[in-house]
Amino acid sequence: MRRMPTRAKAELAAYGASATALAVLPNLQLLPAHLSVGAIGGASTWWLYRRVKSGDFRKTIRSGQRLLGPVTGSAVYAAAALAPGSSWWEIPLALGWGGLMSAWLPVSRSTWTPPGEMSAVYPPGFTGLVMRLWDQHDVAPGTRLENIEQTISREHPDFACDIVAPLGKPVGKIDADAIAACFGVPTLAVSLRETEHGPGRLRLTVAPTQEAGRSIDDLWSALIARPGGAIPGSRIIRVERQPARGQLPARGMILAEVEPGEVARVNFDQLCTAFGVKAEELRLVVQTRGSEVLVTLYESAPLKVARRATRELLTLDTYGRYTIGTAHDGSDAKVHMRSASGTLHGFLVGVTGSGKTVSLALMCAAWALAGMTSWVTSARPDAQMSAVGRHVDRHGSGALFTWWLLKAAVALMDIRGQMNTEAGHDFSAHSPYPALTLVLDEFNSLVGDDVFGDDIAHLTDVLAREGRKFGIGVIFAGQSLNLDKLGGAASLRDQVQGGIGVVLRITGGIAARQATGGLAGDADLAPVPDRLGAHMSLMDRMMGTAGDVPGATTQGMGHTVTGSDATMMRTLYVHLPDDGSPDGLDEIFPASGGINTLTERETEALTALGLWHDWTLPPPSATDDSSATEAVASTGGGLSTFVAPSVPQPARKAPTVKEKVLAAVDREMTAKEIRHAVDAAAGTVRNTLSDLVADGRLRQVDHGVYAPAITLTADSGADVPQPASAGPNAAAAAGEVVLLAAHLVISSQFGSTSMFQRKLRLGYADAQGVMLALENLGIVGPADGGKARAVLVKPEAQDDVLRDLRTDLALTPID
């Protein structure tokens with residue numbers, strides 16, 4: 001039994017005190033008491049009159065229940081005060097009033113209902129459940145349900161009832177979708193019609209198992225399974241309904257199948273029409289697997305909220321998968337690190353603004369957490385992808401960079417082939433080198449380049465067909481993929497299927513298969529619109545609605561594809577700003593901040609081949625007699641096949657204004673000095689300076705005064721690369737990196753960029769910047785092709801040089 005709450009106890013005490021007062025006060029003829037009782041009774045009566053005039057019957061009854069005590073108490077007081085003298089009935093009347101009001105307490109106060117003395121707010125059983133769902137979902141505010149009757153039997157959920165509006169008001173327009181979502185049934189199971197009572201009362205019929213005299217099986221046969229229907233030749237196997245759970249809305253599921261030996265074909269648009277929902281609402285999800293089809297209809301779109309990415313989600317599970325997003329049913333959307341055939345290949349397709357860069361960041365973080373090395377390239381520079389590039393081994397853009405990257409990767413296969421021979425097995429988790437993934441973003445543009453496109457296609461084809469044995473995978477990315485230039489396109493599809501496959505915000509059907517270059521196989525991909533719920537019905541247009549609903553963005557929504565199986569999902573979220581604010585990549589990449597690199601043996605072999613350098617250098621021509629070319633030719637065998645082909649030198653473009661400004665600003669300079677040094681209009685220089693400051697490539701020291709983005713001291717003049725996550729202590733962190741690099745170089749008497757990558761866990765670009773800083777500090781000599789730098793400081797002078805360097809870098813001295 002529920003305990004009586006404090007408010008109910010206080011009201012009982014008030015009734016007892018009032019009964020005592022009613023027995024004594026009327027005979028004392030006290031004017032203040034008369035006035036107080038009159039005010040209470042008058043105010044209560046006036047409030048009840050207002051409720052009656054409003055026409056709201058339910059609120060009038062509720063107010064009458066709660067004001068019954070003050071009104072009747074005032075009447076008892078008035079009767080006793082008006083009666084002459086002291087009558088015998090005054091005391092019994094007052095005590096009787098107190099007893100009646102105490103018994104009336106459960107009705108006047110809904111805060112306490114003693115068991116067995118009053119029915120619940122909603123009737124028990126099916127009727128109460130229907131009423132409670134109607135009120136909780138607020139389908140039609142102000143209305144109520146009456147005359148609820150189950151139409152088939154007590155075991156069936158089909159029912160009919162009346163929707164009643166307040167007295168004198170119509171029920172108003174109610175969307176059948178809202179009613180269907182309220183009770184968790186298909187929209188076709190809901191029907192509304194007027195009654196003889198007019199617009200203030202509508203008849204509602206909800207018949208999920210029998211509608212208009214037909215069973216759900218008959219309905220399926222008539223609209224969906226018929227020839228030319230949404231799923232021709234299908235039949236229902238099972239129907240399930242699931243209530244709402246957390247952020248996952250309520251849903252109904254239908255499992256159907258076609259005849260054995262047949263493959264289920266789904267027309268998504270037809271299926272949406274059959275269920276009375278709009279495709280752009282993303283409430284209907286279809287999954288096919290051979291002859292089976294699972295249709296899930298949600299109360300509302302299940303992928304409205306994106307989940308934040310964490311290292312735990314991106315860490316491989318026991319089956320070699322990591323979580324890239326949230327599936328429509330609330331489960332983790334996982335992708336395999338390796339395909340069913342053991343390759344590391346995959347694809348990522350998404351239109352502009354679909355969240356493709358975020359997905360690439362998630363993939364690179366998962367690979368880093370798994371100990372893999374990543375090289376990333378794209379057709380053009382991208383600011384957000386550059387932020388990701390600070391956490392991977394090699395990152396760049398353009399066809400030239402991609403050409404060098406692929407040349408190095410193909411040469412690496414022969415280097416790793418020798419390592420496989422020594423280990424006695426092909427690539428595995430026990431290999432003496434890390435797995436390597438090559439991300440080729442905007443692949444269509446890369447293979448379409450006039451100078452390097454054919455070479456890029458050929459080298460990619462070699463890597464895609466032969467990279468598995470050497471732990472090298474290729475990730476194709478872009479708004480669409482065209483694999484016609486790859487000779488092994490058919491075999492490539494076989495190798496990719498079962499591995500990494502993500503398709504974001506793209507139309508379904510044939511368009512999806514064309515956009516993915518056939519890599520998605522026969523997977524049925526439901527179309528994903530630009531915005532969620534952004535639509536205006538034809539009825540609204542007919543009625544002259546002023547504007548449509550803008551809807552919410554569907555960025556990150558799409559499908560994971562494994563073989564012919566596709567799952568609708570929304571990718572995890574990581575902050576990649578477009579306003580220059582700090583990104584959230586440090587939260588998903590390894591906590592140590594280290595970058596996975598190739599082994600020392602691999603980088604030394606690539607250096608000897610002239611392939612481990614700045615990949616923006618022009619390729620050698622047929623007439624070049626470089627030492628790198630000689631080194632490659634002299635090896636004989638397989639490596640000689642990777643000599644740079646004879647290609648025309650691309651014409652050097654005139655430097656842009658940004659490049660001129662960056663070249664001119666080598667110290668603190670005023671805007672006037674920069675304008676004199678740069679041959680461009682004053683307004684153009686001013687705008688360029690603002691852009692470079694916003695991009696972090698220059699810093700504004702004072703009003704009209706600019707300096708290089710990263711400088712140590714006025715005396716040293718050495719440029720130091722910023723760490724991947726620049727913050728308040730970025731300069732100190734960069735100085736520590738330079739100090740560690742100086743110690744490595746002096747103690748080993750060996751100046752190598754690849755050594756910095758391995759020992760300091762730096763990406764190639766950062767390692768190259770550290771080497772440049774040491775050159776400016778006079779610790780190493782200038783570059784000499786692919787050879788190691790000459791060390792200009794002897795080991796015996798190491799302590800003095802490092803002490804002076806720590807002072808120059810303004811670092812905390814070591815006690």
# chains A, B, ... in the order shown; residues from 1 in each chain; ligands from 1

call {"tool": "select_by_dssp", "arguments": {"residues": "stretch 145-357 of chain A", "states": "strand (DSSP E or B)", "output": "ChimeraX atom specification"}}
result
/A:145-150,159-164,190-195,198-206,210-211,214-215,235-242,245,248,251-257,284-289,292-298,308,321-327,332-336,346-350

call {"tool": "write_last_selection", "arguments": {"atoms": "C-alpha atoms", "output": "mmCIF file, in the first residue's frame"}}
result
data_model
loop_
_atom_site.group_PDB
_atom_site.id
_atom_site.type_symbol
_atom_site.label_atom_id
_atom_site.label_comp_id
_atom_site.auth_asym_id
_atom_site.auth_seq_id
_atom_site.Cartn_x
_atom_site.Cartn_y
_atom_site.Cartn_z
ATOM 1 C CA LEU A 145 -10.829 8.573 -26.804
ATOM 2 C CA GLU A 146 -14.217 7.068 -25.996
ATOM 3 C CA ASN A 147 -16.058 3.820 -26.771
ATOM 4 C CA ILE A 148 -12.886 1.773 -27.261
ATOM 5 C CA GLU A 149 -13.798 -1.704 -28.544
ATOM 6 C CA GLN A 150 -11.612 -4.566 -29.760
ATOM 7 C CA PHE A 159 -9.831 -1.864 -32.219
ATOM 8 C CA ALA A 160 -12.209 0.984 -33.022
ATOM 9 C CA CYS A 161 -13.030 4.080 -30.967
ATOM 10 C CA ASP A 162 -14.272 7.670 -31.095
ATOM 11 C CA ILE A 163 -11.935 10.679 -31.074
ATOM 12 C CA VAL A 164 -13.769 13.419 -29.174
ATOM 13 C CA VAL A 190 -5.291 3.259 -39.728
ATOM 14 C CA SER A 191 -8.551 4.747 -41.026
ATOM 15 C CA LEU A 192 -10.626 7.794 -39.985
ATOM 16 C CA ARG A 193 -14.199 8.745 -40.862
ATOM 17 C CA GLU A 194 -16.780 11.254 -39.699
ATOM 18 C CA THR A 195 -19.788 10.194 -37.645
ATOM 19 C CA GLY A 198 -20.364 16.057 -36.880
ATOM 20 C CA PRO A 199 -16.728 17.200 -36.897
ATOM 21 C CA GLY A 200 -16.452 17.164 -33.102
ATOM 22 C CA ARG A 201 -16.278 13.363 -33.106
ATOM 23 C CA LEU A 202 -14.405 11.072 -35.535
ATOM 24 C CA ARG A 203 -14.437 7.298 -35.753
ATOM 25 C CA LEU A 204 -10.957 5.748 -35.609
ATOM 26 C CA THR A 205 -10.224 2.189 -36.723
ATOM 27 C CA VAL A 206 -6.851 0.567 -36.119
ATOM 28 C CA GLN A 210 -7.347 -7.074 -40.399
ATOM 29 C CA GLU A 211 -8.070 -3.880 -42.261
ATOM 30 C CA ARG A 214 -8.612 -8.111 -45.224
ATOM 31 C CA SER A 215 -5.820 -9.722 -43.217
ATOM 32 C CA ARG A 235 5.149 -13.943 -48.586
ATOM 33 C CA ILE A 236 5.183 -12.996 -44.902
ATOM 34 C CA ILE A 237 7.026 -15.305 -42.502
ATOM 35 C CA ARG A 238 6.804 -13.353 -39.250
ATOM 36 C CA VAL A 239 5.570 -10.015 -37.893
ATOM 37 C CA GLU A 240 7.100 -8.412 -34.769
ATOM 38 C CA ARG A 241 6.520 -5.132 -32.924
ATOM 39 C CA GLN A 242 9.154 -3.580 -30.663
ATOM 40 C CA ARG A 245 14.029 1.862 -26.271
ATOM 41 C CA LEU A 248 15.518 4.189 -30.620
ATOM 42 C CA ARG A 251 9.221 -0.125 -34.744
ATOM 43 C CA GLY A 252 7.363 -2.873 -36.520
ATOM 44 C CA MET A 253 9.204 -5.584 -38.477
ATOM 45 C CA ILE A 254 8.027 -7.924 -41.220
ATOM 46 C CA LEU A 255 10.161 -10.853 -42.343
ATOM 47 C CA ALA A 256 9.257 -12.127 -45.816
ATOM 48 C CA GLU A 257 10.779 -14.477 -48.363
ATOM 49 C CA LEU A 284 11.454 2.544 -43.662
ATOM 50 C CA VAL A 285 14.550 0.322 -43.785
ATOM 51 C CA VAL A 286 14.871 -2.756 -45.989
ATOM 52 C CA GLN A 287 17.521 -5.455 -45.649
ATOM 53 C CA THR A 288 17.823 -8.311 -48.152
ATOM 54 C CA ARG A 289 19.793 -11.500 -47.911
ATOM 55 C CA GLU A 292 14.769 -13.185 -47.455
ATOM 56 C CA VAL A 293 13.678 -9.594 -46.875
ATOM 57 C CA LEU A 294 13.380 -7.775 -43.557
ATOM 58 C CA VAL A 295 11.212 -4.649 -43.645
ATOM 59 C CA THR A 296 11.421 -2.337 -40.607
ATOM 60 C CA LEU A 297 9.039 0.585 -40.185
ATOM 61 C CA TYR A 298 9.999 3.059 -37.444
ATOM 62 C CA ARG A 308 30.741 10.693 -30.759
ATOM 63 C CA ARG A 321 36.206 -5.298 -36.894
ATOM 64 C CA TYR A 322 35.888 -1.746 -35.650
ATOM 65 C CA THR A 323 32.810 0.428 -35.166
ATOM 66 C CA ILE A 324 32.411 3.159 -37.752
ATOM 67 C CA GLY A 325 28.869 4.226 -36.862
ATOM 68 C CA THR A 326 25.470 3.347 -35.429
ATOM 69 C CA ALA A 327 23.108 1.078 -37.357
ATOM 70 C CA ASP A 332 27.148 -0.829 -33.689
ATOM 71 C CA ALA A 333 27.788 -0.553 -37.426
ATOM 72 C CA LYS A 334 31.057 -2.435 -37.856
ATOM 73 C CA VAL A 335 33.424 -2.875 -40.796
ATOM 74 C CA HIS A 336 36.171 -5.445 -41.199
ATOM 75 C CA GLY A 346 38.045 -1.095 -49.471
ATOM 76 C CA PHE A 347 36.040 1.809 -50.799
ATOM 77 C CA LEU A 348 34.338 4.941 -49.503
ATOM 78 C CA VAL A 349 31.852 6.774 -51.703
ATOM 79 C CA GLY A 350 30.008 9.950 -50.740
#

call {"tool": "residues_around", "arguments": {"residues": "A:Val266", "least_positions_apart": "4", "cutoff": "9 Å", "atoms": "only C-alpha atoms", "output": "MDAnalysis selection string"}}
result
chainID A and resid 229:232 270:271 286 288 293 524

call {"tool": "closest_residue", "arguments": {"among": "A:Lys173, A:Thr554, A:Gly735, A:Cys182", "to": "A:Leu129", "atoms": "only C-alpha atoms"}}
result
A:Cys182

call {"tool": "atom_distance", "arguments": {"atom1": "atom CA of A:Arg390", "atom2": "atom CA of A:Gly763"}}
result
6.9 Å

call {"tool": "select_by_dssp", "arguments": {"residues": "stretch 167-280 of chain A", "states": "helix (DSSP H, G or I)", "output": "VMD selection string"}}
result
chain A and resid 176 to 183 187 to 189 216 to 223 268 to 275 279 to 280

call {"tool": "residues_around", "arguments": {"residues": "A:Val37", "least_positions_apart": "6", "cutoff": "9 Å", "atoms": "only C-alpha atoms", "output": "list in words"}}
result
Pro70, Gly73, Ser74, Tyr77 and Ala78 of chain A

call {"tool": "write_last_selection", "arguments": {"atoms": "N, CA, C and O atoms", "output": "PDB file, in the first residue's frame"}}
result
ATOM      1  N   PRO A  70     -13.990  23.942   0.228  1.00  0.00           N
ATOM      2  CA  PRO A  70     -14.213  25.352   0.571  1.00  0.00           C
ATOM      3  C   PRO A  70     -15.647  25.816   0.339  1.00  0.00           C
ATOM      4  O   PRO A  70     -16.201  26.582   1.137  1.00  0.00           O
ATOM      5  N   GLY A  73     -17.950  24.064   2.974  1.00  0.00           N
ATOM      6  CA  GLY A  73     -17.605  24.574   4.303  1.00  0.00           C
ATOM      7  C   GLY A  73     -18.152  25.973   4.517  1.00  0.00           C
ATOM      8  O   GLY A  73     -18.644  26.307   5.609  1.00  0.00           O
ATOM      9  N   SER A  74     -18.070  26.813   3.470  1.00  0.00           N
ATOM     10  CA  SER A  74     -18.637  28.165   3.582  1.00  0.00           C
ATOM     11  C   SER A  74     -20.143  28.107   3.787  1.00  0.00           C
ATOM     12  O   SER A  74     -20.728  28.912   4.548  1.00  0.00           O
ATOM     13  N   TYR A  77     -20.855  27.153   7.384  1.00  0.00           N
ATOM     14  CA  TYR A  77     -20.595  28.308   8.254  1.00  0.00           C
ATOM     15  C   TYR A  77     -21.742  29.313   8.154  1.00  0.00           C
ATOM     16  O   TYR A  77     -22.212  29.848   9.169  1.00  0.00           O
ATOM     17  N   ALA A  78     -22.200  29.572   6.928  1.00  0.00           N
ATOM     18  CA  ALA A  78     -23.286  30.551   6.752  1.00  0.00           C
ATOM     19  C   ALA A  78     -24.566  30.086   7.417  1.00  0.00           C
ATOM     20  O   ALA A  78     -25.290  30.876   8.051  1.00  0.00           O
TER      21      ALA A  78
END

call {"tool": "atom_distance", "arguments": {"atom1": "atom CA of A:Ala14", "atom2": "atom CA of A:Val52"}}
result
27.2 Å

call {"tool": "closest_residue", "arguments": {"among": "A:Glu422, A:Val801, A:His156, A:Ala207", "to": "A:Gly778", "atoms": "only C-alpha atoms"}}
result
A:Val801

call {"tool": "closest_residue", "arguments": {"among": "A:Ala765, A:Ala399, A:Leu572, A:Ala13", "to": "A:Ile595", "atoms": "only C-alpha atoms"}}
result
A:Ala765

call {"tool": "atom_distance", "arguments": {"atom1": "atom CA of A:Leu31", "atom2": "atom CA of A:Ser18"}}
result
17.4 Å

call {"tool": "residues_around", "arguments": {"residues": "A:Pro795", "least_positions_apart": "3", "cutoff": "10 Å", "atoms": "only C-alpha atoms", "output": "list in words"}}
result
His743, Val745, Ile746, Ser747, Ser748, Gln749, Val791, Leu792, Gln798, Asp799 and Val801 of chain A

call {"tool": "closest_residue", "arguments": {"among": "A:Val121, A:Met419, A:Ala23, A:Gly42", "to": "A:Trp88", "atoms": "only C-alpha atoms"}}
result
A:Ala23

call {"tool": "residues_around", "arguments": {"residues": "A:Glu775", "least_positions_apart": "5", "cutoff": "10 Å", "atoms": "only C-alpha atoms", "output": "list in words"}}
result
Ala718, Asp719, Gly769, Val770, Val780, Gly781, Pro782, Ala783, Arg789, Ala790, Val791 and Leu792 of chain A

call {"tool": "residues_around", "arguments": {"residues": "A:Ala383", "least_positions_apart": "4", "cutoff": "10 Å", "atoms": "only C-alpha atoms", "output": "list in words"}}
result
Ala387, Val388, Gly389, Leu576, Pro577, Asp578, Gly580 and Asp695 of chain A

call {"tool": "residues_around", "arguments": {"residues": "A:Lys356", "least_positions_apart": "3", "cutoff": "10 Å", "atoms": "only C-alpha atoms", "output": "PyMOL selection string"}}
result
chain A and resi 348-353+359-362+441+477-479+502-505+555-556+571

call {"tool": "write_last_selection", "arguments": {"atoms": "C-alpha atoms", "output": "compact mmCIF listing (two decimals), in the first residue's frame"}}
result
# COMPACT_ATOMS: atom_id res chain seq x y z
CA LEU A 348 34.34 4.94 -49.50
CA VAL A 349 31.85 6.77 -51.70
CA GLY A 350 30.01 9.95 -50.74
CA VAL A 351 28.89 13.17 -52.36
CA THR A 352 30.15 16.57 -51.23
CA GLY A 353 28.99 17.34 -47.69
CA SER A 359 34.74 8.75 -42.29
CA LEU A 360 38.32 8.81 -43.61
CA ALA A 361 39.47 10.27 -40.30
CA LEU A 362 37.72 7.43 -38.44
CA ASP A 441 40.75 10.16 -52.47
CA ALA A 477 37.44 7.13 -52.18
CA GLY A 478 35.49 9.78 -54.01
CA GLN A 479 32.07 11.04 -55.00
CA VAL A 502 30.96 2.58 -46.91
CA VAL A 503 28.49 4.47 -49.09
CA LEU A 504 27.28 7.85 -47.81
CA ARG A 505 24.25 9.86 -48.89
CA GLN A 555 25.59 14.17 -42.99
CA GLY A 556 27.17 10.82 -42.13
CA THR A 571 28.91 7.33 -38.96

call {"tool": "closest_residue", "arguments": {"among": "A:Leu344, A:Val410, A:Val561, A:Ala250", "to": "A:Gly330", "atoms": "only C-alpha atoms"}}
result
A:Ala250

call {"tool": "closest_residue", "arguments": {"among": "A:Thr688, A:Ser341, A:Thr318, A:Thr599", "to": "A:Arg465", "atoms": "only C-alpha atoms"}}
result
A:Ser341

call {"tool": "decode", "arguments": {"residues": "stretch 157-266 of chain A", "atoms": "C-alpha atoms", "output": "JSON list (two decimals), in the first residue's frame"}}
result
[["chain", "number", "residue", "atom", "x", "y", "z"],
["A", 157, "PRO", "CA", -4.85, -5.65, -31.21],
["A", 158, "ASP", "CA", -7.44, -4.42, -33.73],
["A", 159, "PHE", "CA", -9.83, -1.86, -32.22],
["A", 160, "ALA", "CA", -12.21, 0.98, -33.02],
["A", 161, "CYS", "CA", -13.03, 4.08, -30.97],
["A", 162, "ASP", "CA", -14.27, 7.67, -31.09],
["A", 163, "ILE", "CA", -11.93, 10.68, -31.07],
["A", 164, "VAL", "CA", -13.77, 13.42, -29.17],
["A", 165, "ALA", "CA", -12.85, 17.12, -29.19],
["A", 166, "PRO", "CA", -13.79, 19.67, -26.48],
["A", 167, "LEU", "CA", -17.41, 20.79, -26.56],
["A", 168, "GLY", "CA", -18.14, 23.07, -29.52],
["A", 169, "LYS", "CA", -14.79, 22.43, -31.28],
["A", 170, "PRO", "CA", -13.86, 20.18, -34.24],
["A", 171, "VAL", "CA", -11.34, 17.38, -33.90],
["A", 172, "GLY", "CA", -9.05, 18.99, -36.47],
["A", 173, "LYS", "CA", -6.66, 17.43, -38.98],
["A", 174, "ILE", "CA", -4.83, 14.33, -37.69],
["A", 175, "ASP", "CA", -2.09, 12.67, -39.72],
["A", 176, "ALA", "CA", -2.58, 8.92, -40.15],
["A", 177, "ASP", "CA", 1.21, 8.52, -39.83],
["A", 178, "ALA", "CA", 1.07, 10.03, -36.33],
["A", 179, "ILE", "CA", -1.68, 7.63, -35.26],
["A", 180, "ALA", "CA", 0.20, 4.66, -36.75],
["A", 181, "ALA", "CA", 3.38, 5.70, -34.93],
["A", 182, "CYS", "CA", 1.44, 6.12, -31.67],
["A", 183, "PHE", "CA", 0.19, 2.53, -31.70],
["A", 184, "GLY", "CA", 3.14, 0.99, -33.57],
["A", 185, "VAL", "CA", 1.22, -0.22, -36.63],
["A", 186, "PRO", "CA", 1.59, 0.35, -40.40],
["A", 187, "THR", "CA", -0.05, 3.49, -41.73],
["A", 188, "LEU", "CA", -2.34, 1.39, -43.92],
["A", 189, "ALA", "CA", -3.85, -0.13, -40.78],
["A", 190, "VAL", "CA", -5.29, 3.26, -39.73],
["A", 191, "SER", "CA", -8.55, 4.75, -41.03],
["A", 192, "LEU", "CA", -10.63, 7.79, -39.99],
["A", 193, "ARG", "CA", -14.20, 8.75, -40.86],
["A", 194, "GLU", "CA", -16.78, 11.25, -39.70],
["A", 195, "THR", "CA", -19.79, 10.19, -37.65],
["A", 196, "GLU", "CA", -23.35, 11.45, -37.45],
["A", 197, "HIS", "CA", -22.27, 13.71, -34.56],
["A", 198, "GLY", "CA", -20.36, 16.06, -36.88],
["A", 199, "PRO", "CA", -16.73, 17.20, -36.90],
["A", 200, "GLY", "CA", -16.45, 17.16, -33.10],
["A", 201, "ARG", "CA", -16.28, 13.36, -33.11],
["A", 202, "LEU", "CA", -14.41, 11.07, -35.53],
["A", 203, "ARG", "CA", -14.44, 7.30, -35.75],
["A", 204, "LEU", "CA", -10.96, 5.75, -35.61],
["A", 205, "THR", "CA", -10.22, 2.19, -36.72],
["A", 206, "VAL", "CA", -6.85, 0.57, -36.12],
["A", 207, "ALA", "CA", -6.60, -2.85, -37.76],
["A", 208, "PRO", "CA", -3.01, -4.14, -38.05],
["A", 209, "THR", "CA", -4.15, -7.76, -38.54],
["A", 210, "GLN", "CA", -7.35, -7.07, -40.40],
["A", 211, "GLU", "CA", -8.07, -3.88, -42.26],
["A", 212, "ALA", "CA", -11.18, -3.24, -44.30],
["A", 213, "GLY", "CA", -12.05, -6.93, -44.03],
["A", 214, "ARG", "CA", -8.61, -8.11, -45.22],
["A", 215, "SER", "CA", -5.82, -9.72, -43.22],
["A", 216, "ILE", "CA", -2.30, -8.29, -43.30],
["A", 217, "ASP", "CA", -1.35, -11.25, -45.51],
["A", 218, "ASP", "CA", -4.04, -10.29, -48.00],
["A", 219, "LEU", "CA", -2.87, -6.68, -47.86],
["A", 220, "TRP", "CA", 0.72, -7.78, -48.51],
["A", 221, "SER", "CA", -0.38, -9.91, -51.43],
["A", 222, "ALA", "CA", -2.46, -7.13, -52.96],
["A", 223, "LEU", "CA", 0.07, -4.28, -52.71],
["A", 224, "ILE", "CA", 3.53, -5.76, -52.32],
["A", 225, "ALA", "CA", 3.81, -9.38, -53.45],
["A", 226, "ARG", "CA", 1.75, -9.04, -56.66],
["A", 227, "PRO", "CA", 3.53, -9.12, -60.03],
["A", 228, "GLY", "CA", 5.05, -5.69, -60.55],
["A", 229, "GLY", "CA", 4.74, -4.94, -56.82],
["A", 230, "ALA", "CA", 7.42, -3.79, -54.39],
["A", 231, "ILE", "CA", 8.64, -7.35, -53.65],
["A", 232, "PRO", "CA", 7.13, -9.62, -56.28],
["A", 233, "GLY", "CA", 6.44, -13.21, -55.27],
["A", 234, "SER", "CA", 7.13, -12.65, -51.56],
["A", 235, "ARG", "CA", 5.15, -13.94, -48.59],
["A", 236, "ILE", "CA", 5.18, -13.00, -44.90],
["A", 237, "ILE", "CA", 7.03, -15.30, -42.50],
["A", 238, "ARG", "CA", 6.80, -13.35, -39.25],
["A", 239, "VAL", "CA", 5.57, -10.02, -37.89],
["A", 240, "GLU", "CA", 7.10, -8.41, -34.77],
["A", 241, "ARG", "CA", 6.52, -5.13, -32.92],
["A", 242, "GLN", "CA", 9.15, -3.58, -30.66],
["A", 243, "PRO", "CA", 8.51, -0.69, -28.22],
["A", 244, "ALA", "CA", 10.68, 2.41, -28.02],
["A", 245, "ARG", "CA", 14.03, 1.86, -26.27],
["A", 246, "GLY", "CA", 16.25, 4.80, -25.28],
["A", 247, "GLN", "CA", 16.73, 6.99, -28.35],
["A", 248, "LEU", "CA", 15.52, 4.19, -30.62],
["A", 249, "PRO", "CA", 11.86, 4.78, -31.62],
["A", 250, "ALA", "CA", 9.20, 2.07, -31.65],
["A", 251, "ARG", "CA", 9.22, -0.12, -34.74],
["A", 252, "GLY", "CA", 7.36, -2.87, -36.52],
["A", 253, "MET", "CA", 9.20, -5.58, -38.48],
["A", 254, "ILE", "CA", 8.03, -7.92, -41.22],
["A", 255, "LEU", "CA", 10.16, -10.85, -42.34],
["A", 256, "ALA", "CA", 9.26, -12.13, -45.82],
["A", 257, "GLU", "CA", 10.78, -14.48, -48.36],
["A", 258, "VAL", "CA", 10.48, -15.44, -52.01],
["A", 259, "GLU", "CA", 10.51, -18.93, -53.45],
["A", 260, "PRO", "CA", 13.67, -21.03, -52.93],
["A", 261, "GLY", "CA", 16.08, -20.52, -55.78],
["A", 262, "GLU", "CA", 14.91, -16.95, -56.32],
["A", 263, "VAL", "CA", 16.57, -13.72, -55.14],
["A", 264, "ALA", "CA", 14.39, -11.08, -53.50],
["A", 265, "ARG", "CA", 14.16, -7.85, -55.51],
["A", 266, "VAL", "CA", 12.89, -4.74, -53.73]]
